[in-house]
Structure formats: structure tokens, C-alpha cells
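A.B. asks: Pasting upload19.txt below, which is compact mmCIF, C-alpha atoms.
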```txt
# COMPACT_ATOMS: atom_id res chain seq x y z
CA MET A 1 146.49 165.94 88.12
CA GLY A 2 145.99 162.63 89.86
CA LEU A 3 143.28 161.50 92.19
CA PHE A 4 145.41 161.63 95.33
CA ASP A 5 146.17 165.30 94.82
CA TRP A 6 142.87 165.94 96.64
CA LEU A 7 144.30 164.31 99.76
CA ARG A 8 147.08 166.87 100.20
CA PRO A 9 146.50 169.52 102.89
CA ARG A 10 147.19 172.47 100.59
CA PRO A 11 144.48 173.26 97.96
CA LYS A 12 145.31 172.21 94.40
CA PRO A 13 143.84 173.94 91.34
CA ILE A 14 140.95 172.19 89.64
CA PRO A 15 141.83 171.76 85.95
CA ASP A 16 139.91 174.27 83.86
CA PRO A 17 138.36 171.71 81.43
CA LEU A 18 136.98 169.70 84.36
CA TRP A 19 135.66 172.84 86.03
CA GLN A 20 133.98 174.03 82.83
CA GLN A 21 132.42 170.59 82.40
CA THR A 22 131.10 170.76 85.96
CA MET A 23 129.72 174.28 85.48
CA ALA A 24 127.89 173.18 82.33
CA SER A 25 126.24 170.26 84.11
CA GLN A 26 123.55 172.19 86.02
CA PRO A 27 121.41 175.26 85.25
CA PHE A 28 122.13 176.81 88.65
CA PHE A 29 125.84 176.82 87.83
CA ARG A 30 125.19 178.47 84.49
CA ASP A 31 123.24 181.23 86.28
CA LEU A 32 126.30 182.24 88.29
CA LYS A 33 128.15 185.42 87.35
CA PRO A 34 131.82 185.00 86.36
CA GLY A 35 133.01 186.31 89.71
CA GLU A 36 130.74 183.91 91.56
CA ARG A 37 132.00 180.98 89.49
CA GLN A 38 135.58 181.87 90.38
CA ALA A 39 134.69 182.23 94.06
CA LEU A 40 132.94 178.85 93.95
CA LYS A 41 135.98 177.27 92.30
CA ASN A 42 138.26 178.67 95.00
CA LEU A 43 135.91 177.41 97.70
CA ALA A 44 135.64 173.96 96.08
CA GLU A 45 139.43 173.67 95.94
CA ARG A 46 139.67 174.44 99.65
CA PHE A 47 136.84 172.00 100.34
CA LEU A 48 138.63 169.21 98.46
CA ALA A 49 141.79 169.82 100.48
CA ASP A 50 139.80 169.81 103.73
CA LYS A 51 137.59 166.71 103.27
CA GLU A 52 138.37 163.03 102.80
CA PHE A 53 136.61 161.13 100.01
CA SER A 54 136.17 157.36 99.93
CA THR A 55 133.96 154.97 97.96
CA ALA A 56 131.98 151.81 98.54
CA GLY A 57 130.58 149.06 96.33
CA GLU A 58 133.61 148.87 94.04
CA LEU A 59 133.08 152.41 92.74
CA GLN A 60 136.37 153.91 91.57
CA LEU A 61 136.96 157.38 92.96
CA SER A 62 137.72 159.97 90.28
CA ASP A 63 138.37 163.68 89.96
CA GLU A 64 135.00 164.04 88.21
CA ILE A 65 133.18 162.60 91.25
CA CYS A 66 135.10 164.72 93.75
CA VAL A 67 134.69 167.98 91.84
CA ALA A 68 130.98 167.43 91.09
CA ILE A 69 130.20 166.85 94.76
CA ALA A 70 132.45 169.68 95.91
CA ALA A 71 130.90 172.20 93.51
CA GLN A 72 127.30 171.28 94.35
CA GLY A 73 128.03 171.05 98.06
CA CYS A 74 129.85 174.38 98.20
CA LEU A 75 127.16 176.34 96.36
CA PRO A 76 125.00 176.74 99.50
CA ILE A 77 127.97 178.10 101.47
CA LEU A 78 129.28 180.37 98.73
CA GLU A 79 128.57 183.40 100.95
CA LEU A 80 128.75 181.58 104.31
CA GLY A 81 132.28 180.21 104.03
CA LEU A 82 133.87 176.80 104.50
CA ASN A 83 133.66 177.12 108.27
CA ALA A 84 129.98 176.19 107.97
CA TYR A 85 131.17 172.61 107.26
CA ARG A 86 133.76 172.61 110.02
CA ASP A 87 132.54 169.74 112.20
CA TRP A 88 132.90 166.81 109.76
CA VAL A 89 135.45 165.43 107.31
CA GLY A 90 134.40 162.23 105.53
CA ILE A 91 132.37 161.78 102.34
CA VAL A 92 131.50 158.23 101.27
CA VAL A 93 130.30 157.82 97.68
CA TYR A 94 128.27 154.75 96.69
CA PRO A 95 127.70 153.78 93.05
CA ASP A 96 123.90 153.72 93.54
CA GLU A 97 121.33 153.68 96.32
CA PHE A 98 122.53 151.87 99.42
CA VAL A 99 121.00 149.97 102.33
CA VAL A 100 121.26 151.25 105.90
CA PRO A 101 119.98 149.35 108.99
CA CYS A 102 117.51 151.43 111.01
CA GLU A 103 115.71 151.23 114.33
CA ILE A 104 112.45 152.98 115.25
CA ALA A 105 110.60 152.79 118.58
CA ASP A 106 106.80 152.93 118.33
CA GLU A 107 104.46 154.62 120.80
CA ALA A 108 104.49 151.51 122.99
CA GLY A 109 108.26 151.58 123.20
CA VAL A 110 108.72 148.54 120.98
CA VAL A 111 111.84 148.84 118.81
CA HIS A 112 111.43 147.84 115.17
CA GLN A 113 114.48 147.01 113.07
CA PHE A 114 114.49 147.31 109.28
CA ASN A 115 116.67 148.13 106.31
CA ASP A 116 116.18 151.43 104.53
CA VAL A 117 117.24 152.12 100.94
CA LEU A 118 118.75 155.60 100.66
CA SER A 119 120.30 157.90 98.07
CA GLY A 120 122.05 159.98 100.72
CA GLN A 121 122.53 160.35 104.44
CA ALA A 122 124.25 162.81 106.77
CA TRP A 123 125.48 161.45 110.09
CA GLU A 124 125.63 163.67 113.14
CA GLY A 125 129.30 164.06 114.00
CA GLY A 126 130.22 161.69 111.19
CA PRO A 127 130.52 161.38 107.43
CA LEU A 128 128.16 162.26 104.65
CA LEU A 129 127.01 159.46 102.32
CA VAL A 130 125.74 159.94 98.76
CA SER A 131 124.87 157.85 95.73
CA TRP A 132 126.92 158.85 92.67
CA ARG A 133 124.05 157.86 90.39
CA ASP A 134 121.77 160.27 92.24
CA VAL A 135 124.39 163.00 92.12
CA GLN A 136 124.27 162.64 88.34
CA LEU A 137 120.44 162.68 88.35
CA ALA A 138 120.33 166.17 89.85
CA ASP A 139 117.82 168.52 88.27
CA GLY A 140 115.92 171.59 89.36
CA SER A 141 113.78 170.00 92.06
CA TYR A 142 116.11 167.16 93.07
CA ASN A 143 119.66 167.44 94.33
CA VAL A 144 120.90 164.84 96.80
CA VAL A 145 124.15 166.74 97.45
CA ILE A 146 122.49 170.02 98.42
CA HIS A 147 119.92 168.05 100.44
CA GLU A 148 122.50 166.22 102.56
CA PHE A 149 124.77 169.24 102.89
CA ALA A 150 121.75 171.22 104.14
CA HIS A 151 121.34 168.59 106.86
CA LYS A 152 124.96 169.25 107.84
CA LEU A 153 124.16 172.97 108.14
CA ASP A 154 121.15 172.04 110.28
CA MET A 155 123.37 169.90 112.54
CA LEU A 156 125.85 172.69 113.15
CA ASN A 157 123.88 174.12 116.08
CA GLY A 158 122.90 170.80 117.64
CA GLU A 159 119.42 169.32 117.18
CA VAL A 160 118.39 168.48 113.63
CA ASP A 161 115.15 170.46 113.63
CA GLY A 162 115.04 172.45 110.41
CA MET A 163 116.74 175.52 111.87
CA PRO A 164 120.43 175.94 111.02
CA ALA A 165 122.88 178.04 112.99
CA LEU A 166 121.59 181.56 112.35
CA HIS A 167 123.93 184.42 111.61
CA SER A 168 123.53 188.11 112.32
CA GLY A 169 120.33 189.71 111.14
CA ILE A 170 118.10 186.64 111.54
CA THR A 171 116.47 185.94 114.90
CA VAL A 172 115.10 182.63 116.12
CA GLU A 173 111.64 184.22 116.11
CA ASP A 174 112.09 185.33 112.47
CA TRP A 175 113.01 181.80 111.47
CA GLU A 176 110.37 179.93 113.46
CA ASN A 177 107.46 182.15 112.43
CA THR A 178 108.21 182.09 108.70
CA PHE A 179 109.59 178.58 108.42
CA HIS A 180 106.89 176.79 110.40
CA ALA A 181 104.05 178.70 108.73
CA ALA A 182 105.30 177.43 105.36
CA TYR A 183 105.94 173.93 106.71
CA ASP A 184 102.45 173.63 108.22
CA ASP A 185 100.85 174.84 105.00
CA PHE A 186 102.89 172.39 102.92
CA CYS A 187 101.94 169.48 105.19
CA GLN A 188 98.27 170.36 104.79
CA ARG A 189 98.64 170.42 101.02
CA VAL A 190 100.34 167.03 100.98
CA ASP A 191 97.80 165.52 103.40
CA SER A 192 94.96 166.74 101.19
CA GLY A 193 96.37 164.78 98.25
CA GLU A 194 97.60 167.76 96.25
CA GLU A 195 100.34 166.99 93.73
CA THR A 196 103.12 169.42 94.55
CA ARG A 197 106.15 170.31 92.47
CA ILE A 198 108.12 170.43 95.71
CA ASP A 199 108.87 166.85 96.77
CA PRO A 200 106.17 165.74 99.26
CA TYR A 201 108.94 164.12 101.30
CA ALA A 202 109.50 167.63 102.62
CA SER A 203 106.41 167.13 104.81
CA ASP A 204 108.08 164.26 106.70
CA ALA A 205 109.71 166.53 109.32
CA PRO A 206 110.94 170.13 109.67
CA ALA A 207 114.51 168.92 109.03
CA GLU A 208 113.45 167.39 105.71
CA PHE A 209 111.48 170.52 104.82
CA PHE A 210 114.63 172.61 105.26
CA ALA A 211 116.74 170.18 103.21
CA VAL A 212 114.21 169.84 100.37
CA LEU A 213 113.46 173.57 100.25
CA SER A 214 117.20 174.23 100.10
CA GLU A 215 117.35 171.99 97.00
CA CYS A 216 114.46 173.92 95.48
CA PHE A 217 115.81 177.32 96.52
CA PHE A 218 118.84 176.79 94.30
CA GLY A 219 117.21 174.58 91.64
CA ILE A 220 113.70 175.98 91.14
CA PRO A 221 113.75 179.33 92.97
CA GLU A 222 110.78 180.61 91.01
CA THR A 223 108.61 177.85 92.52
CA VAL A 224 109.71 178.60 96.08
CA ASN A 225 109.18 182.32 95.58
CA SER A 226 105.77 181.78 94.01
CA GLU A 227 104.44 179.35 96.61
CA TYR A 228 106.21 180.64 99.73
CA PRO A 229 107.54 184.16 99.09
CA ALA A 230 108.25 184.88 102.77
CA LEU A 231 110.22 181.64 103.07
CA TYR A 232 112.13 182.45 99.89
CA GLN A 233 113.18 185.76 101.40
CA LEU A 234 114.18 184.02 104.64
CA LEU A 235 116.35 181.52 102.75
CA ARG A 236 117.76 184.39 100.70
CA ARG A 237 118.81 186.11 103.91
CA TYR A 238 120.22 182.92 105.40
CA TYR A 239 122.23 181.77 102.35
CA ARG A 240 123.01 185.39 101.39
CA GLN A 241 122.21 184.50 97.79
CA ASP A 242 119.37 185.25 95.36
CA PRO A 243 119.10 182.39 92.82
CA LEU A 244 115.93 183.89 91.33
CA GLY A 245 117.66 187.22 90.78
CA ARG A 246 120.51 185.42 89.02
CA ARG A 247 118.06 183.61 86.76
CA ARG A 248 116.22 186.78 85.84
CA THR A 249 119.41 188.46 84.74
```
If you convert what's in this file into C-alpha cells, what do you get?
C.D. replies:
Amino acid sequence: MGLFDWLRPRPKPIPDPLWQQTMASQPFFRDLKPGERQALKNLAERFLADKEFSTAGELQLSDEICVAIAAQGCLPILELGLNAYRDWVGIVVYPDEFVVPCEIADEAGVVHQFNDVLSGQAWEGGPLLVSWRDVQLADGSYNVVIHEFAHKLDMLNGEVDGMPALHSGITVEDWENTFHAAYDDFCQRVDSGEETRIDPYASDAPAEFFAVLSECFFGIPETVNSEYPALYQLLRRYYRQDPLGRRRT
């Protein structure tokens, strides 16, 4: 199968050796039951037919890159469906961290311009950008793909505020009470100088807390459940998955 097969509108099968290689690359893939792996493969194939990949910085696009990103990005929506990623198409893959120009207005209204070095970024109404090197560096507590795809879920209902579009069974009050209690506690822990296993960047804003905790929910679910059991159960209800239950079995 050639690279441009991904660009065709009808899903194409992912070669079994490449899929097995991808499934062996991360512990959270190895925790999946056979039926879940097959469902993820089917979803990833549809995702690859639906999205448009491109590269920057002289990186050569390959099936390995496309499938790795598709598999990791589709894991959070395994039980939500591809429609959760309906409002965007493009994925730009950089070889390493990349520089993005930024503007921030201070309290006096003065606009400051600077360059930020990023490993990933999700644009509202636009593409998703990731560093291939960071995709390969994924481990339990760090996953740039899940992080940026979680931002896309957050954007689905408008403001990027740490609350994604909620489905039946979860109320706004449920989410706000549990989510913000955990967020406030985590910010206090970070501000006090505590070294946390969860990336302290999660304290930067509610949107980052949701993205980082989504990484940890799939990568180190035992930590999330131990430190914030109510939040773990909320994420379990939202994603309709139980990574800790998979690991235990």
C-alpha cells in the first residue's frame, strides 16, 4: 500500500504488520481487548480516509506516521465515534518541535509579540499540528497526540474551557463541580511546590487540565484514580472507557 492510499475517500485497510507494530508501541494499546483493537483499527481506517495529512520541515510523510497518529488520536473516541472530530480536516506533522508566533495582551492592554516553541497545537476551526519526535516519545504520562486531540474535543462546543461537548448522562453541573474541584486542588499543589506525577502544565488553565488529564487517563489511569477518583469516574463516563479496568484484567 502506498502513501497516497490514505488520500482516497473510501477507507483502505491498514496492513496487519504495520497495525501490530503500532499496537505494540504503547502499553495502553496492549491493554485493549481483541475486539477493542479491531474496533480501533476500523475507526483509524475511517479517520485516515477522512483527514488530510501534510508535513513541514522536510519530513517525509509515511504510513508509519499516519497510522501512529490515527491510532493514538482515535483511542479517546473509540466509544464516541468519528463524528467527535467532525469540524476539522488537516493534520500537519513537523519533524521536531516548531516555532509559532504568539501575541498576548497584558493587563494594561499592551500587546506583546513573541515566538513560542511547541510540540503540538490545535487550531480552532483549523488544523492540528504535532511534532513527530514527540509522537514517538509518548509514554504513560506524556502523549502529545491525545493532548491535542483532547483540545479538539474541547473545541467542539465552542469556547476552549476544559469542558467538552457533553453527551447524555452527564450534566454541566456534574462536570463543573467535579472537574473544577480537581483543577483547583491541583493548582494549589503545584503552587505549593509539590512535585506531581501529573505534568504541572495542567495547572496553566482548565483547558490544559482537561488535555493533560486525558493523556493521563489513558496512560497512567491508576494515578488519576488514586489522586482524583471522582474525576477519574467523570472521565470514564465521558470517554465511555475504563483504562484502569483494562489494565487490571
A.B. asks: Might you pull out every residue within 8 Å of Lys152 of chain A, with all atoms listed in the file counted and same-chain residues fewer than 4 positions away left off, and present them as a list in words?
C.D. replies: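 Selected residues are Tyr85, Ala122, Glu124, Glu148 and Leu156 of chain A.
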A.B. asks: Go ahead and compute the interatomic distance for atom CA of Pro11 of chain A and atom CA of Ala84 of chain A, in Å to one decimal.
C.D. replies: 17.9 Å
A.B. asks: Give me the segment 116-230 of chain A side of the contact with segment 21-43 of chain A, cut-off 8 Å, one line per residue showing its nearest atom pair and distance in Å at one decimal, counting only C-alpha atoms, sorted by chain and residue number, as a tab-separated table.
C.D. replies:
```
residue	atom	partner	partner_atom	distance
A:Ala138	CA	A:Gln26	CA	7.8
A:Asp139	CA	A:Gln26	CA	7.2
A:Gly140	CA	A:Pro27	CA	7.8
A:Phe218	CA	A:Phe28	CA	6.5
A:Gly219	CA	A:Phe28	CA	6.2
```
A.B. asks: Keeping only C-alpha atoms, write those residues as a PDB file, keeping the file's coordinate frame.
C.D. replies:
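result14.pdb, written as the output of this step:
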```
ATOM      1  CA  ALA A 138     120.330 166.170  89.850  1.00  0.00           C
ATOM      2  CA  ASP A 139     117.820 168.520  88.270  1.00  0.00           C
ATOM      3  CA  GLY A 140     115.920 171.590  89.360  1.00  0.00           C
ATOM      4  CA  PHE A 218     118.840 176.790  94.300  1.00  0.00           C
ATOM      5  CA  GLY A 219     117.210 174.580  91.640  1.00  0.00           C
TER       6      GLY A 219
END
```
A.B. asks: Using all atoms listed in the file, which protein or nucleic acid residues come within 9 Å of segment 57-72 of chain A? Drop anything in the same chain fewer than 6 positions from it, and give the result as a ChimeraX atom specification.
C.D. replies: /A:1-3,6,14,18-19,22-23,25,29,40-41,43-45,47-48,93-96,132,135-136,143,145-146
A.B. asks: What's the 7 Å shell around Ala202 of chain A, counting all atoms listed in the file, without same-chain residues fewer than 4 positions away, as a PyMOL selection string?
C.D. replies: chain A and resi 208-209+212
A.B. asks: As a PDB file, in the coordinates of the input, please: segment 28-64 of chain A completed to N, CA and C atoms.
C.D. replies:
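Output below, filename out-v7.pdb:
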```pdb
ATOM      1  N   PHE A  28     121.804 175.844  87.610  1.00  0.00           N
ATOM      2  CA  PHE A  28     122.130 176.810  88.650  1.00  0.00           C
ATOM      3  C   PHE A  28     123.590 177.214  88.628  1.00  0.00           C
ATOM      4  N   PHE A  29     124.459 176.395  88.036  1.00  0.00           N
ATOM      5  CA  PHE A  29     125.840 176.820  87.830  1.00  0.00           C
ATOM      6  C   PHE A  29     125.919 177.824  86.685  1.00  0.00           C
ATOM      7  N   ARG A  30     125.156 177.589  85.647  1.00  0.00           N
ATOM      8  CA  ARG A  30     125.190 178.470  84.490  1.00  0.00           C
ATOM      9  C   ARG A  30     124.622 179.850  84.809  1.00  0.00           C
ATOM     10  N   ASP A  31     123.804 179.936  85.864  1.00  0.00           N
ATOM     11  CA  ASP A  31     123.240 181.230  86.280  1.00  0.00           C
ATOM     12  C   ASP A  31     124.249 182.089  87.019  1.00  0.00           C
ATOM     13  N   LEU A  32     125.335 181.490  87.502  1.00  0.00           N
ATOM     14  CA  LEU A  32     126.300 182.240  88.290  1.00  0.00           C
ATOM     15  C   LEU A  32     127.040 183.275  87.439  1.00  0.00           C
ATOM     16  N   LYS A  33     127.322 184.419  88.014  1.00  0.00           N
ATOM     17  CA  LYS A  33     128.150 185.420  87.350  1.00  0.00           C
ATOM     18  C   LYS A  33     129.595 184.941  87.341  1.00  0.00           C
ATOM     19  N   PRO A  34     130.418 185.439  86.426  1.00  0.00           N
ATOM     20  CA  PRO A  34     131.820 185.000  86.360  1.00  0.00           C
ATOM     21  C   PRO A  34     132.560 185.088  87.686  1.00  0.00           C
ATOM     22  N   GLY A  35     132.351 186.172  88.412  1.00  0.00           N
ATOM     23  CA  GLY A  35     133.010 186.310  89.710  1.00  0.00           C
ATOM     24  C   GLY A  35     132.557 185.277  90.712  1.00  0.00           C
ATOM     25  N   GLU A  36     131.268 184.934  90.647  1.00  0.00           N
ATOM     26  CA  GLU A  36     130.740 183.910  91.560  1.00  0.00           C
ATOM     27  C   GLU A  36     131.283 182.530  91.192  1.00  0.00           C
ATOM     28  N   ARG A  37     131.430 182.261  89.911  1.00  0.00           N
ATOM     29  CA  ARG A  37     132.000 180.980  89.490  1.00  0.00           C
ATOM     30  C   ARG A  37     133.436 180.835  89.996  1.00  0.00           C
ATOM     31  N   GLN A  38     134.190 181.916  89.910  1.00  0.00           N
ATOM     32  CA  GLN A  38     135.580 181.870  90.380  1.00  0.00           C
ATOM     33  C   GLN A  38     135.619 181.685  91.886  1.00  0.00           C
ATOM     34  N   ALA A  39     134.739 182.384  92.608  1.00  0.00           N
ATOM     35  CA  ALA A  39     134.690 182.230  94.060  1.00  0.00           C
ATOM     36  C   ALA A  39     134.284 180.807  94.439  1.00  0.00           C
ATOM     37  N   LEU A  40     133.351 180.233  93.690  1.00  0.00           N
ATOM     38  CA  LEU A  40     132.940 178.850  93.950  1.00  0.00           C
ATOM     39  C   LEU A  40     134.084 177.890  93.672  1.00  0.00           C
ATOM     40  N   LYS A  41     134.832 178.124  92.629  1.00  0.00           N
ATOM     41  CA  LYS A  41     135.980 177.270  92.300  1.00  0.00           C
ATOM     42  C   LYS A  41     137.020 177.323  93.424  1.00  0.00           C
ATOM     43  N   ASN A  42     137.310 178.523  93.906  1.00  0.00           N
ATOM     44  CA  ASN A  42     138.260 178.670  95.000  1.00  0.00           C
ATOM     45  C   ASN A  42     137.782 177.935  96.254  1.00  0.00           C
ATOM     46  N   LEU A  43     136.490 178.063  96.528  1.00  0.00           N
ATOM     47  CA  LEU A  43     135.910 177.410  97.700  1.00  0.00           C
ATOM     48  C   LEU A  43     135.942 175.890  97.541  1.00  0.00           C
ATOM     49  N   ALA A  44     135.622 175.405  96.332  1.00  0.00           N
ATOM     50  CA  ALA A  44     135.640 173.960  96.080  1.00  0.00           C
ATOM     51  C   ALA A  44     137.049 173.388  96.229  1.00  0.00           C
ATOM     52  N   GLU A  45     138.048 174.127  95.792  1.00  0.00           N
ATOM     53  CA  GLU A  45     139.430 173.670  95.940  1.00  0.00           C
ATOM     54  C   GLU A  45     139.818 173.553  97.406  1.00  0.00           C
ATOM     55  N   ARG A  46     139.397 174.507  98.210  1.00  0.00           N
ATOM     56  CA  ARG A  46     139.670 174.440  99.650  1.00  0.00           C
ATOM     57  C   ARG A  46     138.889 173.295 100.290  1.00  0.00           C
ATOM     58  N   PHE A  47     137.675 173.091  99.836  1.00  0.00           N
ATOM     59  CA  PHE A  47     136.840 172.000 100.340  1.00  0.00           C
ATOM     60  C   PHE A  47     137.497 170.649 100.056  1.00  0.00           C
ATOM     61  N   LEU A  48     137.996 170.477  98.847  1.00  0.00           N
ATOM     62  CA  LEU A  48     138.630 169.210  98.460  1.00  0.00           C
ATOM     63  C   LEU A  48     139.889 168.940  99.279  1.00  0.00           C
ATOM     64  N   ALA A  49     140.593 169.994  99.655  1.00  0.00           N
ATOM     65  CA  ALA A  49     141.790 169.820 100.480  1.00  0.00           C
ATOM     66  C   ALA A  49     141.426 169.521 101.933  1.00  0.00           C
ATOM     67  N   ASP A  50     140.221 169.915 102.334  1.00  0.00           N
ATOM     68  CA  ASP A  50     139.800 169.810 103.730  1.00  0.00           C
ATOM     69  C   ASP A  50     139.080 168.498 104.043  1.00  0.00           C
ATOM     70  N   LYS A  51     138.410 167.908 103.047  1.00  0.00           N
ATOM     71  CA  LYS A  51     137.590 166.710 103.270  1.00  0.00           C
ATOM     72  C   LYS A  51     138.289 165.459 102.759  1.00  0.00           C
ATOM     73  N   GLU A  52     137.802 164.311 103.202  1.00  0.00           N
ATOM     74  CA  GLU A  52     138.370 163.030 102.800  1.00  0.00           C
ATOM     75  C   GLU A  52     137.288 162.207 102.082  1.00  0.00           C
ATOM     76  N   PHE A  53     137.536 161.907 100.817  1.00  0.00           N
ATOM     77  CA  PHE A  53     136.610 161.130 100.010  1.00  0.00           C
ATOM     78  C   PHE A  53     136.978 159.651 100.048  1.00  0.00           C
ATOM     79  N   SER A  54     135.970 158.796 100.082  1.00  0.00           N
ATOM     80  CA  SER A  54     136.170 157.360  99.930  1.00  0.00           C
ATOM     81  C   SER A  54     134.950 156.811  99.196  1.00  0.00           C
ATOM     82  N   THR A  55     135.057 155.580  98.708  1.00  0.00           N
ATOM     83  CA  THR A  55     133.960 154.970  97.960  1.00  0.00           C
ATOM     84  C   THR A  55     133.597 153.620  98.545  1.00  0.00           C
ATOM     85  N   ALA A  56     132.449 153.124  98.140  1.00  0.00           N
ATOM     86  CA  ALA A  56     131.980 151.810  98.540  1.00  0.00           C
ATOM     87  C   ALA A  56     131.414 151.104  97.316  1.00  0.00           C
ATOM     88  N   GLY A  57     131.199 149.798  97.427  1.00  0.00           N
ATOM     89  CA  GLY A  57     130.580 149.060  96.330  1.00  0.00           C
ATOM     90  C   GLY A  57     131.382 149.011  95.059  1.00  0.00           C
ATOM     91  N   GLU A  58     132.705 148.999  95.176  1.00  0.00           N
ATOM     92  CA  GLU A  58     133.610 148.870  94.040  1.00  0.00           C
ATOM     93  C   GLU A  58     133.600 150.082  93.104  1.00  0.00           C
ATOM     94  N   LEU A  59     133.015 151.178  93.545  1.00  0.00           N
ATOM     95  CA  LEU A  59     133.080 152.410  92.740  1.00  0.00           C
ATOM     96  C   LEU A  59     134.498 152.958  92.799  1.00  0.00           C
ATOM     97  N   GLN A  60     135.036 153.332  91.656  1.00  0.00           N
ATOM     98  CA  GLN A  60     136.370 153.910  91.570  1.00  0.00           C
ATOM     99  C   GLN A  60     136.283 155.428  91.730  1.00  0.00           C
ATOM    100  N   LEU A  61     136.974 155.944  92.730  1.00  0.00           N
ATOM    101  CA  LEU A  61     136.960 157.380  92.960  1.00  0.00           C
ATOM    102  C   LEU A  61     137.687 158.101  91.823  1.00  0.00           C
ATOM    103  N   SER A  62     137.131 159.214  91.385  1.00  0.00           N
ATOM    104  CA  SER A  62     137.720 159.970  90.280  1.00  0.00           C
ATOM    105  C   SER A  62     137.642 161.457  90.569  1.00  0.00           C
ATOM    106  N   ASP A  63     138.422 162.235  89.825  1.00  0.00           N
ATOM    107  CA  ASP A  63     138.370 163.680  89.960  1.00  0.00           C
ATOM    108  C   ASP A  63     136.973 164.206  89.602  1.00  0.00           C
ATOM    109  N   GLU A  64     136.340 163.614  88.615  1.00  0.00           N
ATOM    110  CA  GLU A  64     135.000 164.040  88.210  1.00  0.00           C
ATOM    111  C   GLU A  64     134.023 163.922  89.381  1.00  0.00           C
TER     112      GLU A  64
END
```
